[in-house]
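Novice: Starting off with a structure, shown below.
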Amino acid sequence: DLVRFPDNEAIQTAGCDVLTTLCMHPSNRDPLCAIGAVSPILQCLRLHPDARACQQAASTAISFLARAPRARVLFLNLGAVPAVCHTLHSHANSPSVVAAACRALAALVGAIQEPFVHVRDAPDPATAAQARRQIFSVNGDGA
């Protein structure tokens with residue numbers, strides 16, 4: 001349980017893995033977003049910055065859940081880009097974590113989307129532009 005056991009790395013990793021599995025089916029993404037799956041994934045990234053398994057599992061969960069436009073907007077509003085950039089920089093020597101973080105960033109900027117995304121559901125251009133600036137900045141804070 002991601003919410004009840006935030007300090008347990010094994011539970012956090014397993015929870016993110018379960019969310020990833022559920023999010024592989026596009027029809028599950030909006031309901032998971034609606035019940036609050038976004039915040040616990042980000043919490044996993046932030047509370048376990050040195051745990052490679054947590055970072056990889058959370059980044060992978062983001063890469064699937066953020067394909068849903070509403071979830072992507074929530075992730076962006078809650079600061080997912082700097083969190084994932086921190087993962088990318090902190091685990092630069094781990095190819096599997098770097099790959100997962102890159103896929104998460106691609107989903108966060110809308111490069112990975114499911115078919116039939118309605119324009120009205122997409123993040124506004126200013127939010128997407130801000131996310132791209134943060135991704136491509138040296139220190140991850142958009143400067």
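All residue names refer to the structure tokens as shown: chains lettered A, B, ... in order, residues numbered from 1 in each chain, ligands numbered from 1 in order.
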Would you list the contacts of A:Ile41 as a ChimeraX atom specification, taking every protein, DNA or RNA residue within 9 Å and counting only C-alpha atoms, but skipping same-chain residues closer than 2 positions in sequence?
Specialist: /A:2,12,15-16,19,37-39,43-46,57-59,61-62
Novice: Those selected residues, please, written with N, CA and C atoms and delivered as an mmCIF file, in the first residue's frame.
Specialist:
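Here's the written file part-v9.cif:
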data_model
loop_
_atom_site.group_PDB
_atom_site.id
_atom_site.type_symbol
_atom_site.label_atom_id
_atom_site.label_comp_id
_atom_site.auth_asym_id
_atom_site.auth_seq_id
_atom_site.Cartn_x
_atom_site.Cartn_y
_atom_site.Cartn_z
ATOM 1 N N LEU A 2 0.871 1.978 -1.086
ATOM 2 C CA LEU A 2 1.733 3.147 -1.239
ATOM 3 C C LEU A 2 1.448 4.232 -0.208
ATOM 4 N N GLN A 12 6.797 0.214 -1.587
ATOM 5 C CA GLN A 12 6.698 1.285 -2.567
ATOM 6 C C GLN A 12 7.015 0.769 -3.976
ATOM 7 N N GLY A 15 4.177 -1.525 -5.063
ATOM 8 C CA GLY A 15 2.984 -0.733 -5.361
ATOM 9 C C GLY A 15 3.075 -0.044 -6.708
ATOM 10 N N CYS A 16 4.235 0.537 -6.998
ATOM 11 C CA CYS A 16 4.416 1.179 -8.302
ATOM 12 C C CYS A 16 4.380 0.151 -9.429
ATOM 13 N N LEU A 19 0.747 -0.573 -10.082
ATOM 14 C CA LEU A 19 0.139 0.531 -10.842
ATOM 15 C C LEU A 19 0.567 0.485 -12.304
ATOM 16 N N ALA A 37 -3.892 8.114 -7.653
ATOM 17 C CA ALA A 37 -2.651 7.363 -7.855
ATOM 18 C C ALA A 37 -1.437 8.247 -8.138
ATOM 19 N N VAL A 38 -1.651 9.471 -8.556
ATOM 20 C CA VAL A 38 -0.536 10.334 -8.955
ATOM 21 C C VAL A 38 0.364 10.695 -7.771
ATOM 22 N N SER A 39 -0.199 11.218 -6.716
ATOM 23 C CA SER A 39 0.599 11.687 -5.573
ATOM 24 C C SER A 39 1.465 10.603 -4.932
ATOM 25 N N GLN A 43 5.445 10.656 -4.407
ATOM 26 C CA GLN A 43 5.958 10.504 -3.047
ATOM 27 C C GLN A 43 7.043 9.427 -3.013
ATOM 28 N N CYS A 44 6.840 8.353 -3.741
ATOM 29 C CA CYS A 44 7.834 7.293 -3.817
ATOM 30 C C CYS A 44 9.151 7.837 -4.370
ATOM 31 N N LEU A 45 9.082 8.618 -5.436
ATOM 32 C CA LEU A 45 10.296 9.227 -5.998
ATOM 33 C C LEU A 45 10.997 10.111 -4.976
ATOM 34 N N ARG A 46 10.226 10.922 -4.301
ATOM 35 C CA ARG A 46 10.809 11.915 -3.397
ATOM 36 C C ARG A 46 11.315 11.325 -2.081
ATOM 37 N N ALA A 57 10.791 1.875 -10.568
ATOM 38 C CA ALA A 57 9.370 1.496 -10.536
ATOM 39 C C ALA A 57 8.469 2.719 -10.631
ATOM 40 N N ALA A 58 8.798 3.778 -9.897
ATOM 41 C CA ALA A 58 7.974 4.994 -9.936
ATOM 42 C C ALA A 58 8.055 5.656 -11.311
ATOM 43 N N SER A 59 9.244 5.706 -11.886
ATOM 44 C CA SER A 59 9.392 6.302 -13.222
ATOM 45 C C SER A 59 8.605 5.514 -14.263
ATOM 46 N N ALA A 61 5.928 3.690 -13.663
ATOM 47 C CA ALA A 61 4.507 3.961 -13.424
ATOM 48 C C ALA A 61 4.106 5.310 -14.025
ATOM 49 N N ILE A 62 4.953 6.312 -13.863
ATOM 50 C CA ILE A 62 4.679 7.627 -14.458
ATOM 51 C C ILE A 62 4.590 7.498 -15.978
#
Novice: Please identify all polymer residues within 7 Å of A:Leu105, counting only C-alpha atoms, omitting same-chain residues fewer than 4 positions from it, and present them as a PyMOL selection string.
Specialist: chain A and resi 81+101+109
Novice: Could you list, as number ranges by chain, every residue within 9 Å of A:Ala66, counting only C-alpha atoms and ignoring same-chain residues fewer than 3 positions away?
Specialist: A: 29, 38, 61-63, 69-75, 104, 107-110, 112-113
Novice: Return the single residue from A:Gln56, A:Thr87, A:Thr20, A:Ser94 that is closest to A:Leu32, with distances computed using only C-alpha atoms.
Specialist: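 Counting only C-alpha atoms, the residue closest to A:Leu32 is A:Thr20.
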Novice: Would you please work out which residue, of A:Ala68, A:Val84, A:Leu76, A:Met24, is nearest to A:Gln55 when using only C-alpha atoms?
Specialist: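 Answer, going by the shortest atom-to-atom distance: A:Val84.
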